[in-house]
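Contents: one structure, followed by commentary.
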Amino acid sequence: MALVEVDDISVQFGGVTALSGVSFEVRPGEVVGLIGPNGAGKTTLLNVISGVIAPTAGQVRFSDSVITGLRPHRIAKLGVARTFQIVQPFVRLTVRENAAIGSMFSSHRIPHRDEALERAQIALERVGLAAKADHSPRTLTLAERKRLELARALAMNPKLILLDEVMAGLNHTEVGRVVDVVRDLNVEGLTVIMVEHVMKAIMATCHRIVVLHFGRKIADGTPEDVVGNADVIAAYLGDRFARRRHNNLDARATP
Amino acid sequence: MLGQTIINGLLLGGLYAISAIGFSMVWGVMGIINMAHGSLIMVGAYVSYFAFSSLGIDPFLSLPLSMALLFVFGYGIQRILLNRLMRTSLLLSLVLTFGLDLVLANIAQLIFSADLRSVNTFYTSCSFAVGPLLIPYVRLAVFLLALVLAGGFYAFLNRTKAGQAILATALDKETARLMGIDPLQVYALTAGAGAALAGAAGSLASMLFPISPSMGLSFIGSVFVITVLGGIGSIEGAVLAGLVYGLIQSFAASLFGVNYQEIVAFVIFLVILVLRPQGLLGKRFYGEAA
Amino acid sequence: MSVPAVKHDVRRGAGLIGPLATATALLLMIAVPFVVGGYWLRILTNIYMYAVIAQGLNVIVGFAGYHAFGNAVFFGIGAYTAGVAITLGAPVWMAFILAVLVSVVAAAALGWPLLRLKGHYFAIATVALNMAMIDLIINIGGVTGGAQGLPLPLESLSPTDLNRLIYFLMLGAMVASVLIVLWLDTAPLGYALRALRDSEIGAEVMGIDTTLAKTLAWTISAAMTGGVGGIWGYWINFIEPGSAFDINLSVNGYVMMLVGGMGTVIGPVIGAFFLEIFSTIIWGQFIKIHLLILGLLIIAVVMLMPEGLLFYAQRLIRPRRRTP
């Protein structure tokens with residue numbers, strides 16, 4: 001039984017088609033990577049799932065109930081958390097309070113402030129930001145701000161987390177750190193949809209990859225399948241390269 | 001009767017348009033809402049009054065004078081005070097310009113007292129007739145001048161380097177900077193131009209109405225509505241909206257009586273804000289993104 | 001593992017004044033009417049009234065980040081509600097309650113279309129609203145008295161007693177407003193507002209119903225402002241649209257909130273004291289240029305200390321604060 005069902009989602013912005021008939025499933029406990037060249041519609045898709053944008057057509061179902069048309073805060077309370085590509089921490093709250101917003105408002109019952117702060121602290125420890133809990137987000141480096149984005153989402157105790165290019169701008173070591181955190185969380189049962197350009201992270205964490213190109217899904221399978229898929233290669237590297245590679249493979253196949 | 005209402009509305013609309021263009025551009029380019037704009041109009045009016053009563057200069061001739069003086073003033077205020085605020089909070093600029101408005105209105109009151117003054121030339125009450133319609137010469141002249149000024153400013157923005165620099169900065173400050181344009185200089189220039197146009201509106205207004213230190217207050221309301229109605233940052237929009245506003249005021253006055261004019265204006269204003277905030281011809285400018 | 005308590009920094013908490021100082025101040029304020037004459041009594045009463053207006057602004061502007069420049073509209077609504085109620089025979093205490101209730105309803109109703117507007121648009125819409133109410137009252141006329149104004153039935157209390165009563169009412173309102181903001185400071189709603197102020201979409205995806213939060217904030221703000229509006233109406237005994245909906249109420253309140261420090265608990269009160277006393281002194285010495293100096297003061301405050309007195313005072317006392 002799928003946790004998330006994206007069913008024939010289309011999004012039009014005026015004359016521009018951002019997404020066209022995209023469908024796929026995410027099963028509980030999966031890590032699904034969402035990749036594609038720039039402009040493919042990946043962030044738009046995350047926006048649709050989290051309720052920030054309403055699709056022009058199609059439905060999204062979460063745990064079998066339709067969530068399209070619900071306001072983002074309702075979807076959040078159902079157990080969906082997300083990070084933003086351009087990090088926007090609450091600058092006038094401390095780091096811990098930023099995370100505490102997640103623990104305060106993500107369920108229907110609002111916990112006592114101290115409890116919320118405790119849960120926030122735990123989330124911060126998870127991403128390695130516990131030492132900066134009382135600081136202002138303005139004093140954090142980019143990598144730390146990205147980790148704060150993650151902590152805010154984790155403090156919500158979600159069932160599903162949508163990561164929007166959380167690795168962008170991070171160096172080698174930092175990427176490794178975040179990958180470890182995501183892997184551990186997934187082992188504990190968290191389902192992840194991950195938009196990424198950093199292929200190393202995708203290959204290290206994803207059970208499945210969905211590839212978008214100009215708003216359409218062009219591939220959906222295991223990392224090995226997707227990487228060898230001709231359409232995917234054509235999308236990223238161009239038709240000529242794909243044809244050449246195909247010809248080369250053929251040539252090598254015939255003795 | 002209907003025809004006269006329309007004529008009155010259109011002629012006045014010209015003045016309304018020119019009173020709002022400067023305000024609209026400053027908002028569109030820098031995102032600054034200049035609460036002192038009404039007082040700038042008032043200052044322009046008093047410059048013309050002073051020139052007329054003390055120096056005998058015809059108000060049409062003192063128009064360039066008030067424009068020049070107000071350009072310098074607007075440029076200076078932007079350079080010295082407002083440019084610094086741009087970095088911190090745009091909304092504080094609203095508060096600052098409100099303070100400025102208080103200062104200007106009260107200085108004017110100290111100098112000229114609160115009495116109403118008027119500029120009465122020999123041609124002030126002359127008019128000519130076109131069929132059953134009565135057209136006062138002054139009103140027609142003001143209307144035409146307003147359109148000329150609006151057209152001139154439009155040409156300035158689209159045909160000169162300085163004007164293009166302003167438009168470029170409004171669209172994308174960072175790229176403009178990469179092209180060698182200094183945004184702060186552009187802002188100061190825009191503020192100066194906006195103030196100059198306000199001055200022109202004031203001079204023109206002085207030929208039509210009695211003036212007082214608090215006349216800015218009666219202008220600022222309509223300036224807001226016209227700006228939002230026409231689309232923030234759009235000159236064509238301000239002109240169109242000014243004419244429309246003039247017509248609406250004229251009809252409201254003859255149908256409901258002068259008292260209802262303000263309510264009609266505010267209702268329109270609120271309706272536009274909620275239904276179509278980009279106005280009739282609005283463009284997306286720097287201020288819009290905020 | 002123990003969680004260190006969240007330190008309240010200068011933006012929040014009761015600020016400089018500890019509980020002992022607060023108690024002392026309160027006692028002094030209670031004793032005042034029996035010690036000073038009518039002139040200073042009136043000034044203090046005005047200060048308390050402005051403090052509440054500033055606190056009302058603090059909730060919608062300082063916490064929620066919605067700059068309601070025309071918030072004084074609720075002051076007028078409260079004043080007229082109380083005035084009309086009293087004219088129609090209601091007891092005074094009921095008139096005050098109605099003033100608060102009607103303001104709350106108005107805020108909830110107006111909030112629905114207006115709180116969708118962003119930044120500048122919202123600010124101006126509230127100003128337009130404020131102005132429009134003046135015209136509305138003038139055109140409704142009837143029981144509101146329209147342009148002529150609404151005279152209230154003469155009070156049976158002696159002037160001294162009335163002034164003292166109003167003093168205590170305003171003092172009570174001020175204390176209540178501070179308590180409300182104090183509560184807001186640590187309540188979930190307060191956190192929700194601060195979050196949505198910094199990033200509305202960020203708040204929304206973390207589970208905050210931003211529409212509800214904003215509307216609640218505005219109704220709380222309106223309740224405070226309308227409440228003192230009602231008291232003022234009763235005090236002044238003659239309500240006219242120009243003064244009940246005077247935009248200067250908003251402006252002064254806004255500057256007081258800025259001067260004292262927006263988003264703090266006690267800042268607006270400090271701002272009210274500072275500005276009113278400053279104004280009164282200036283008025284006394286320089287009647288003619290009183291507004292001019294106010295204008296210059298506004299410019300100075302905005303340019304030099306936009307964060308407010310409280311922030312800079314704290315900086316002086318604890319220079320190694322590393323925050324915002």
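Simple scheme: letters A, B, ... for chains in structure tokens order, numbers from 1 for residues in each chain, numbers from 1 for ligands in the order shown.
Non-sequential neighbours of Ile270 in chain C (distance at most 10 Å, separation of 5 or more positions within a chain, only C-alpha atoms) are Ile47, Ala51, Ala54, Met256, Met257, Val259, Gly260, Gly261, Val265, Leu275, Gly308, Leu309 and Leu310 of chain C.
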Can you write out the residues you just picked, keeping C-alpha atoms, as a PDB file, in the first residue's frame?
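Output saved as part23.pdb:
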```
ATOM      1  CA  ILE C  47      -0.200  58.155  28.586  1.00  0.00           C
ATOM      2  CA  ALA C  51       0.192  52.822  25.905  1.00  0.00           C
ATOM      3  CA  ALA C  54       0.692  51.179  21.207  1.00  0.00           C
ATOM      4  CA  MET C 256       5.628  55.035  20.564  1.00  0.00           C
ATOM      5  CA  MET C 257       5.832  51.372  19.706  1.00  0.00           C
ATOM      6  CA  VAL C 259      10.582  54.178  20.180  1.00  0.00           C
ATOM      7  CA  GLY C 260      10.001  51.718  22.978  1.00  0.00           C
ATOM      8  CA  GLY C 261      10.761  48.649  20.925  1.00  0.00           C
ATOM      9  CA  VAL C 265       6.459  43.337  26.275  1.00  0.00           C
ATOM     10  CA  LEU C 275       6.659  60.499  23.708  1.00  0.00           C
ATOM     11  CA  GLY C 308      13.687  51.149  19.925  1.00  0.00           C
ATOM     12  CA  LEU C 309      14.908  52.449  23.252  1.00  0.00           C
ATOM     13  CA  LEU C 310      14.732  49.115  24.977  1.00  0.00           C
TER      14      LEU C 310
END
```
Skipping near chain neighbours, those fewer than 5 positions away, what residues fall within 10 Å of Lys200 in chain A using only C-alpha atoms, listed as an MDAnalysis selection string?
chainID A and resid 172 175:176 179 205
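Residues in contact with Leu100 in chain B at 9 Å, where only C-alpha atoms are counted and same-chain residues fewer than 3 positions away are skipped, are listed as Met35, Ala36, Ser39, Val95, Leu96, Thr97, Val103, Leu104 and Ala105 of chain B; Leu292, Gly295, Leu296, Ile298 and Ile299 of chain C.
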Filtering to N, CA and C atoms, could you give me those residues as a PDB file, in the first residue's frame?
```
ATOM      1  N   MET B  35       4.795  59.395   1.877  1.00  0.00           N
ATOM      2  CA  MET B  35       3.666  60.041   2.518  1.00  0.00           C
ATOM      3  C   MET B  35       3.764  61.554   2.445  1.00  0.00           C
ATOM      4  N   ALA B  36       4.934  62.064   2.091  1.00  0.00           N
ATOM      5  CA  ALA B  36       5.086  63.515   2.012  1.00  0.00           C
ATOM      6  C   ALA B  36       4.744  64.053   0.633  1.00  0.00           C
ATOM      7  N   SER B  39       2.495  66.971   0.507  1.00  0.00           N
ATOM      8  CA  SER B  39       3.132  68.208   0.928  1.00  0.00           C
ATOM      9  C   SER B  39       4.058  68.756  -0.154  1.00  0.00           C
ATOM     10  N   VAL B  95       6.993  55.661   7.605  1.00  0.00           N
ATOM     11  CA  VAL B  95       6.944  56.444   8.826  1.00  0.00           C
ATOM     12  C   VAL B  95       7.789  57.704   8.677  1.00  0.00           C
ATOM     13  N   LEU B  96       8.970  57.532   8.073  1.00  0.00           N
ATOM     14  CA  LEU B  96       9.847  58.685   7.922  1.00  0.00           C
ATOM     15  C   LEU B  96       9.206  59.751   7.059  1.00  0.00           C
ATOM     16  N   THR B  97       8.637  59.328   5.929  1.00  0.00           N
ATOM     17  CA  THR B  97       8.047  60.328   5.049  1.00  0.00           C
ATOM     18  C   THR B  97       6.817  60.958   5.703  1.00  0.00           C
ATOM     19  N   VAL B 103       6.555  67.900   9.015  1.00  0.00           N
ATOM     20  CA  VAL B 103       7.505  69.011   9.047  1.00  0.00           C
ATOM     21  C   VAL B 103       7.182  70.037   7.966  1.00  0.00           C
ATOM     22  N   LEU B 104       6.985  69.547   6.736  1.00  0.00           N
ATOM     23  CA  LEU B 104       6.723  70.470   5.629  1.00  0.00           C
ATOM     24  C   LEU B 104       5.439  71.251   5.836  1.00  0.00           C
ATOM     25  N   ALA B 105       4.386  70.536   6.214  1.00  0.00           N
ATOM     26  CA  ALA B 105       3.096  71.214   6.376  1.00  0.00           C
ATOM     27  C   ALA B 105       3.181  72.277   7.464  1.00  0.00           C
TER      28      ALA B 105
ATOM     29  N   LEU C 292       5.628  70.297  14.254  1.00  0.00           N
ATOM     30  CA  LEU C 292       6.873  70.314  13.501  1.00  0.00           C
ATOM     31  C   LEU C 292       7.924  69.495  14.226  1.00  0.00           C
ATOM     32  N   GLY C 295       7.249  65.877  13.970  1.00  0.00           N
ATOM     33  CA  GLY C 295       7.706  65.381  12.677  1.00  0.00           C
ATOM     34  C   GLY C 295       9.200  65.123  12.665  1.00  0.00           C
ATOM     35  N   LEU C 296       9.949  66.074  13.209  1.00  0.00           N
ATOM     36  CA  LEU C 296      11.403  65.908  13.250  1.00  0.00           C
ATOM     37  C   LEU C 296      11.789  64.732  14.134  1.00  0.00           C
ATOM     38  N   ILE C 298       9.999  62.072  14.690  1.00  0.00           N
ATOM     39  CA  ILE C 298       9.719  60.848  13.948  1.00  0.00           C
ATOM     40  C   ILE C 298      10.872  60.519  13.007  1.00  0.00           C
ATOM     41  N   ILE C 299      11.323  61.532  12.280  1.00  0.00           N
ATOM     42  CA  ILE C 299      12.428  61.312  11.352  1.00  0.00           C
ATOM     43  C   ILE C 299      13.651  60.823  12.111  1.00  0.00           C
TER      44      ILE C 299
END
```
Could you write out as a tab-separated table (two decimals) with N, CA and C atoms, in the first residue's frame the residues of chain B within 7 Å of chain C, counting only C-alpha atoms?
```
chain	number	residue	atom	x	y	z
B	92	LEU	N	9.67	51.38	7.20
B	92	LEU	CA	10.04	52.53	8.01
B	92	LEU	C	10.07	53.80	7.17
B	96	LEU	N	8.97	57.53	8.07
B	96	LEU	CA	9.85	58.69	7.92
B	96	LEU	C	9.21	59.75	7.06
B	99	GLY	N	6.70	61.69	8.87
B	99	GLY	CA	7.31	62.73	9.69
B	99	GLY	C	7.68	63.93	8.84
B	100	LEU	N	8.22	63.65	7.67
B	100	LEU	CA	8.61	64.71	6.74
B	100	LEU	C	7.40	65.54	6.35
B	102	LEU	N	4.72	66.04	8.07
B	102	LEU	CA	4.37	66.91	9.20
B	102	LEU	C	5.26	68.14	9.21
B	103	VAL	N	6.55	67.90	9.02
B	103	VAL	CA	7.50	69.01	9.05
B	103	VAL	C	7.18	70.04	7.97
B	106	ASN	N	3.91	71.98	8.52
B	106	ASN	CA	3.97	72.94	9.61
B	106	ASN	C	4.91	74.10	9.34
B	263	ILE	N	-15.93	58.70	0.12
B	263	ILE	CA	-16.32	57.31	0.34
B	263	ILE	C	-16.21	56.52	-0.95
B	266	PHE	N	-12.65	55.69	-1.54
B	266	PHE	CA	-12.08	54.67	-0.67
B	266	PHE	C	-12.64	53.30	-0.95
B	270	LEU	N	-10.33	50.10	-1.83
B	270	LEU	CA	-10.30	48.83	-1.13
B	270	LEU	C	-10.66	47.69	-2.08
B	274	VAL	N	-8.21	44.42	-3.09
B	274	VAL	CA	-8.55	43.04	-2.81
B	274	VAL	C	-8.70	42.23	-4.10
B	290	ALA	N	8.00	42.98	-2.81
B	290	ALA	CA	8.07	43.03	-1.34
B	290	ALA	C	6.85	42.38	-0.69
```
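With only C-alpha atoms taken into account, the protein and nucleic acid residues at most 8 Å from Ala40 in chain A (excluding it and anything under 5 positions from it in its own chain) are Ala18, Leu19, Leu212, His213, Phe214, Gly215 and Arg216 of chain A.
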Please produce a file of the residues just selected, as a PDB file, in the first residue's frame, where the atoms kept are C-alpha atoms.
```pdb
ATOM      1  CA  ALA A  18       5.384  23.161 -15.406  1.00  0.00           C
ATOM      2  CA  LEU A  19       4.111  19.633 -14.930  1.00  0.00           C
ATOM      3  CA  LEU A 212      11.379  14.502 -14.749  1.00  0.00           C
ATOM      4  CA  HIS A 213      12.083  16.338 -17.976  1.00  0.00           C
ATOM      5  CA  PHE A 214      10.113  19.376 -19.154  1.00  0.00           C
ATOM      6  CA  GLY A 215       7.380  18.530 -16.707  1.00  0.00           C
ATOM      7  CA  ARG A 216       6.944  14.905 -17.710  1.00  0.00           C
TER       8      ARG A 216
END
```
One-decimal distance in Å that lies between CA of Asp58 in chain B and CA of Phe143 in chain B
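Interatomic distance here is 17.2 Å.
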As a PyMOL selection string, please: every residue in range 38-230 of chain B that a backbone DSSP assignment puts in helix (DSSP H, G or I).
chain B and resi 38-55+59-88+90-112+137-159+161-171+173-178+183-208+215-230
Those residues with C-alpha atoms, as a compact mmCIF listing (two decimals), in the first residue's frame please?
```txt
# COMPACT_ATOMS: atom_id res chain seq x y z
CA GLY B 38 0.99 65.65 -0.84
CA SER B 39 3.13 68.21 0.93
CA LEU B 40 5.47 68.34 -2.04
CA ILE B 41 2.48 69.29 -4.17
CA MET B 42 1.66 71.91 -1.57
CA VAL B 43 5.17 73.32 -1.72
CA GLY B 44 4.93 73.56 -5.51
CA ALA B 45 1.68 75.45 -5.12
CA TYR B 46 3.22 77.89 -2.68
CA VAL B 47 6.24 78.46 -4.91
CA SER B 48 3.89 79.55 -7.66
CA TYR B 49 1.86 81.61 -5.24
CA PHE B 50 4.95 83.33 -3.92
CA ALA B 51 6.27 83.95 -7.42
CA PHE B 52 2.95 85.41 -8.43
CA SER B 53 2.14 87.54 -5.40
CA SER B 54 5.63 88.84 -4.66
CA LEU B 55 7.31 88.81 -8.04
CA PRO B 59 1.98 80.75 -12.67
CA PHE B 60 2.48 79.08 -16.03
CA LEU B 61 5.93 80.63 -16.15
CA SER B 62 6.84 79.72 -12.59
CA LEU B 63 6.10 76.09 -13.35
CA PRO B 64 9.69 75.29 -14.36
CA LEU B 65 10.87 77.10 -11.26
CA SER B 66 8.83 75.01 -8.86
CA MET B 67 9.82 71.86 -10.71
CA ALA B 68 13.48 72.70 -10.44
CA LEU B 69 13.31 73.57 -6.76
CA LEU B 70 11.40 70.46 -5.90
CA PHE B 71 13.72 68.29 -7.95
CA VAL B 72 16.62 69.43 -5.84
CA PHE B 73 14.65 68.90 -2.66
CA GLY B 74 13.47 65.43 -3.60
CA TYR B 75 16.92 64.42 -4.77
CA GLY B 76 18.46 65.67 -1.54
CA ILE B 77 16.02 63.94 0.79
CA GLN B 78 16.50 60.66 -1.02
CA ARG B 79 20.27 60.92 -1.05
CA ILE B 80 20.62 61.98 2.56
CA LEU B 81 17.84 60.16 4.38
CA LEU B 82 15.93 57.61 2.41
CA ASN B 83 18.78 55.85 0.65
CA ARG B 84 20.09 54.82 4.02
CA LEU B 85 16.73 53.37 4.99
CA MET B 86 16.53 51.28 1.85
CA ARG B 87 18.97 48.87 3.37
CA THR B 88 17.03 48.30 6.56
CA LEU B 90 11.12 49.85 3.54
CA LEU B 91 8.14 50.16 5.79
CA LEU B 92 10.04 52.53 8.01
CA SER B 93 10.29 54.80 5.01
CA LEU B 94 6.57 55.22 5.28
CA VAL B 95 6.94 56.44 8.83
CA LEU B 96 9.85 58.69 7.92
CA THR B 97 8.05 60.33 5.05
CA PHE B 98 5.07 60.82 7.33
CA GLY B 99 7.31 62.73 9.69
CA LEU B 100 8.61 64.71 6.74
CA ASP B 101 5.06 65.52 5.74
CA LEU B 102 4.37 66.91 9.20
CA VAL B 103 7.50 69.01 9.05
CA LEU B 104 6.72 70.47 5.63
CA ALA B 105 3.10 71.21 6.38
CA ASN B 106 3.97 72.94 9.61
CA ILE B 107 6.81 74.99 8.19
CA ALA B 108 4.43 76.16 5.50
CA GLN B 109 1.94 77.04 8.17
CA LEU B 110 4.51 79.03 10.08
CA ILE B 111 5.50 80.99 7.00
CA PHE B 112 2.18 81.50 5.30
CA TYR B 137 -9.51 78.30 -20.31
CA VAL B 138 -7.39 77.62 -17.26
CA ARG B 139 -8.74 74.15 -16.79
CA LEU B 140 -8.11 73.30 -20.39
CA ALA B 141 -4.59 74.68 -20.21
CA VAL B 142 -3.87 72.74 -17.02
CA PHE B 143 -5.23 69.59 -18.62
CA LEU B 144 -3.07 69.98 -21.71
CA LEU B 145 0.02 70.84 -19.74
CA ALA B 146 -0.49 67.86 -17.49
CA LEU B 147 -0.62 65.58 -20.51
CA VAL B 148 2.44 67.21 -22.01
CA LEU B 149 4.38 66.71 -18.80
CA ALA B 150 3.26 63.12 -18.55
CA GLY B 151 4.26 62.50 -22.14
CA GLY B 152 7.56 64.21 -21.58
CA PHE B 153 8.34 62.08 -18.57
CA TYR B 154 7.37 58.97 -20.47
CA ALA B 155 9.73 59.97 -23.26
CA PHE B 156 12.45 60.71 -20.74
CA LEU B 157 12.14 57.24 -19.27
CA ASN B 158 12.09 55.41 -22.54
CA ARG B 159 14.36 57.49 -24.76
CA LYS B 161 20.03 56.98 -20.95
CA ALA B 162 19.11 58.25 -17.51
CA GLY B 163 15.54 57.14 -17.96
CA GLN B 164 16.59 53.72 -19.15
CA ALA B 165 18.85 53.44 -16.15
CA ILE B 166 15.85 54.06 -13.92
CA LEU B 167 13.76 51.43 -15.68
CA ALA B 168 16.61 48.96 -15.58
CA THR B 169 17.17 49.45 -11.87
CA ALA B 170 13.48 48.99 -11.23
CA LEU B 171 13.50 45.67 -13.03
CA LYS B 173 18.84 46.19 -9.24
CA GLU B 174 21.75 43.78 -9.20
CA THR B 175 22.06 43.40 -12.94
CA ALA B 176 21.80 47.15 -13.34
CA ARG B 177 24.68 47.47 -10.95
CA LEU B 178 26.69 45.03 -13.00
CA PRO B 183 21.27 52.23 -7.87
CA LEU B 184 21.54 54.88 -5.19
CA GLN B 185 22.07 57.53 -7.80
CA VAL B 186 19.12 56.21 -9.76
CA TYR B 187 16.93 56.31 -6.68
CA ALA B 188 17.91 59.88 -5.98
CA LEU B 189 17.19 60.80 -9.59
CA THR B 190 13.80 59.11 -9.47
CA ALA B 191 12.93 60.81 -6.21
CA GLY B 192 13.95 64.14 -7.69
CA ALA B 193 11.83 63.58 -10.78
CA GLY B 194 8.90 62.47 -8.66
CA ALA B 195 9.18 65.58 -6.53
CA ALA B 196 9.49 67.76 -9.62
CA LEU B 197 6.27 66.35 -11.00
CA ALA B 198 4.62 66.93 -7.66
CA GLY B 199 5.80 70.51 -7.84
CA ALA B 200 4.31 70.83 -11.29
CA ALA B 201 1.03 69.45 -10.02
CA GLY B 202 1.11 71.97 -7.21
CA SER B 203 1.74 74.88 -9.53
CA LEU B 204 -1.08 73.77 -11.78
CA ALA B 205 -3.36 73.23 -8.80
CA SER B 206 -2.69 76.73 -7.57
CA MET B 207 -4.38 78.03 -10.70
CA LEU B 208 -7.53 76.08 -10.04
CA MET B 215 -3.85 70.87 0.93
CA GLY B 216 -1.43 67.97 0.76
CA LEU B 217 -3.84 65.96 2.84
CA SER B 218 -6.60 66.33 0.32
CA PHE B 219 -4.30 65.17 -2.45
CA ILE B 220 -2.63 62.20 -0.83
CA GLY B 221 -5.83 60.18 -0.65
CA SER B 222 -6.59 60.48 -4.34
CA VAL B 223 -2.93 60.00 -5.25
CA PHE B 224 -2.99 56.63 -3.51
CA VAL B 225 -6.14 55.49 -5.23
CA ILE B 226 -4.96 56.61 -8.66
CA THR B 227 -1.58 54.94 -8.22
CA VAL B 228 -3.06 51.62 -7.22
CA LEU B 229 -5.84 51.85 -9.77
CA GLY B 230 -3.44 52.55 -12.60
```
Neighbouring residues of Ile208 in chain C were defined as those with any atom within 12 Å, considering only C-alpha atoms; residues of the same chain fewer than 5 positions away were excluded. Please report them as a short mmCIF file (atom, residue, chain, number, x, y, z; two decimals) with N, CA and C atoms, in the first residue's frame.
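Below is the file selection-v7.cif, written as the result:
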```cif
data_model
loop_
_atom_site.label_atom_id
_atom_site.label_comp_id
_atom_site.auth_asym_id
_atom_site.auth_seq_id
_atom_site.Cartn_x
_atom_site.Cartn_y
_atom_site.Cartn_z
N ARG A 71 -5.01 23.16 2.59
CA ARG A 71 -3.99 24.18 2.82
C ARG A 71 -2.76 23.54 3.43
N PRO A 72 -1.58 24.14 3.17
CA PRO A 72 -0.33 23.52 3.61
C PRO A 72 -0.31 23.14 5.08
N HIS A 73 -0.91 23.95 5.94
CA HIS A 73 -0.80 23.61 7.37
C HIS A 73 -1.57 22.34 7.71
N ARG A 74 -2.66 22.08 6.96
CA ARG A 74 -3.39 20.84 7.19
C ARG A 74 -2.55 19.65 6.78
N ILE A 75 -1.91 19.77 5.62
CA ILE A 75 -1.08 18.68 5.11
C ILE A 75 0.09 18.45 6.06
N ALA A 76 0.61 19.54 6.62
CA ALA A 76 1.71 19.39 7.58
C ALA A 76 1.24 18.57 8.77
N LYS A 77 0.05 18.85 9.24
CA LYS A 77 -0.47 18.14 10.40
C LYS A 77 -0.75 16.67 10.11
N ILE A 101 9.11 25.44 16.52
CA ILE A 101 7.87 25.74 15.78
C ILE A 101 7.34 24.44 15.19
N GLY A 102 8.26 23.62 14.69
CA GLY A 102 7.86 22.34 14.13
C GLY A 102 7.19 21.45 15.16
N SER A 103 7.81 21.34 16.33
CA SER A 103 7.23 20.45 17.33
C SER A 103 5.95 21.02 17.94
N MET A 104 5.79 22.35 17.86
CA MET A 104 4.58 22.94 18.44
C MET A 104 3.36 22.74 17.59
N PHE A 105 3.53 22.89 16.27
CA PHE A 105 2.34 23.02 15.45
C PHE A 105 2.08 21.86 14.51
N SER A 106 2.90 20.81 14.59
CA SER A 106 2.76 19.77 13.59
C SER A 106 1.69 18.75 13.93
N SER A 107 1.18 18.79 15.15
CA SER A 107 0.09 17.85 15.44
C SER A 107 -1.11 18.66 15.92
N HIS A 108 -2.23 17.96 16.04
CA HIS A 108 -3.44 18.69 16.39
C HIS A 108 -3.43 19.19 17.82
N ILE A 110 -1.45 20.97 20.68
CA ILE A 110 -0.26 21.80 20.85
C ILE A 110 0.38 21.47 22.19
N MET A 156 9.06 18.06 13.50
CA MET A 156 7.63 17.86 13.28
C MET A 156 7.23 16.39 13.41
N PRO C 188 1.81 29.71 22.45
CA PRO C 188 1.95 29.21 21.08
C PRO C 188 1.56 30.26 20.04
N LEU C 189 0.49 31.00 20.31
CA LEU C 189 0.07 32.02 19.33
C LEU C 189 1.19 33.02 19.08
N GLY C 190 1.88 33.41 20.14
CA GLY C 190 2.97 34.36 19.99
C GLY C 190 4.07 33.80 19.10
N TYR C 191 4.41 32.54 19.29
CA TYR C 191 5.41 31.91 18.44
C TYR C 191 4.93 31.81 17.00
N ALA C 192 3.67 31.45 16.86
CA ALA C 192 3.11 31.35 15.51
C ALA C 192 3.20 32.68 14.79
N LEU C 193 2.89 33.77 15.51
CA LEU C 193 2.93 35.09 14.89
C LEU C 193 4.34 35.48 14.50
N ARG C 194 5.27 35.25 15.40
CA ARG C 194 6.65 35.63 15.08
C ARG C 194 7.17 34.82 13.90
N ALA C 195 6.76 33.55 13.84
CA ALA C 195 7.19 32.72 12.71
C ALA C 195 6.61 33.25 11.41
N LEU C 196 5.32 33.53 11.41
CA LEU C 196 4.71 33.96 10.16
C LEU C 196 5.17 35.35 9.77
N ARG C 197 5.61 36.12 10.74
CA ARG C 197 6.16 37.43 10.42
C ARG C 197 7.45 37.28 9.61
N SER C 199 8.50 34.44 7.93
CA SER C 199 8.31 33.68 6.69
C SER C 199 6.94 33.04 6.72
N GLU C 200 6.01 33.64 6.02
CA GLU C 200 4.64 33.16 6.13
C GLU C 200 4.49 31.76 5.56
N ILE C 201 5.15 31.50 4.43
CA ILE C 201 5.02 30.18 3.83
C ILE C 201 5.75 29.14 4.68
N GLY C 202 6.87 29.55 5.26
CA GLY C 202 7.61 28.64 6.14
C GLY C 202 6.76 28.24 7.33
N ALA C 203 6.04 29.23 7.88
CA ALA C 203 5.16 28.95 9.02
C ALA C 203 4.05 28.00 8.60
N ALA C 213 -4.14 32.64 12.77
CA ALA C 213 -3.23 33.33 13.67
C ALA C 213 -3.27 34.84 13.46
N LYS C 214 -3.21 35.26 12.19
CA LYS C 214 -3.26 36.69 11.89
C LYS C 214 -4.55 37.32 12.37
#
```
Just to confirm, what's the straight-line distance from CA of Val143 in chain C to CA of Val84 in chain C in Å (one decimal)?
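Here the two named atoms are 6.7 Å from each other.
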Identify, with DSSP run on backbone atoms, the residues in range 131-280 of chain B assigned to strand (DSSP E or B), and express the list as a list of chain:residue names.
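Of range 131-280 of chain B, only B:Leu133, B:Leu134, B:Ile135, B:Pro136, B:Ile211 fall in strand (DSSP E or B).
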Residue list for chain C near chain A as a PyMOL selection string, 6 Å, only C-alpha atoms:
chain C and resi 195+198+204-209
Just the residues within 8 Å of Thr56 in chain A, please, counting only C-alpha atoms, with nothing from its chain fewer than 6 positions along; format it as a tab-separated table (two decimals) with C-alpha atoms, in the first residue's frame.
```tsv
chain	number	residue	atom	x	y	z
A	9	ILE	CA	-0.65	15.85	-11.76
A	10	SER	CA	-0.49	18.77	-14.18
A	11	VAL	CA	0.42	22.36	-13.37
A	12	GLN	CA	0.07	25.32	-15.70
```
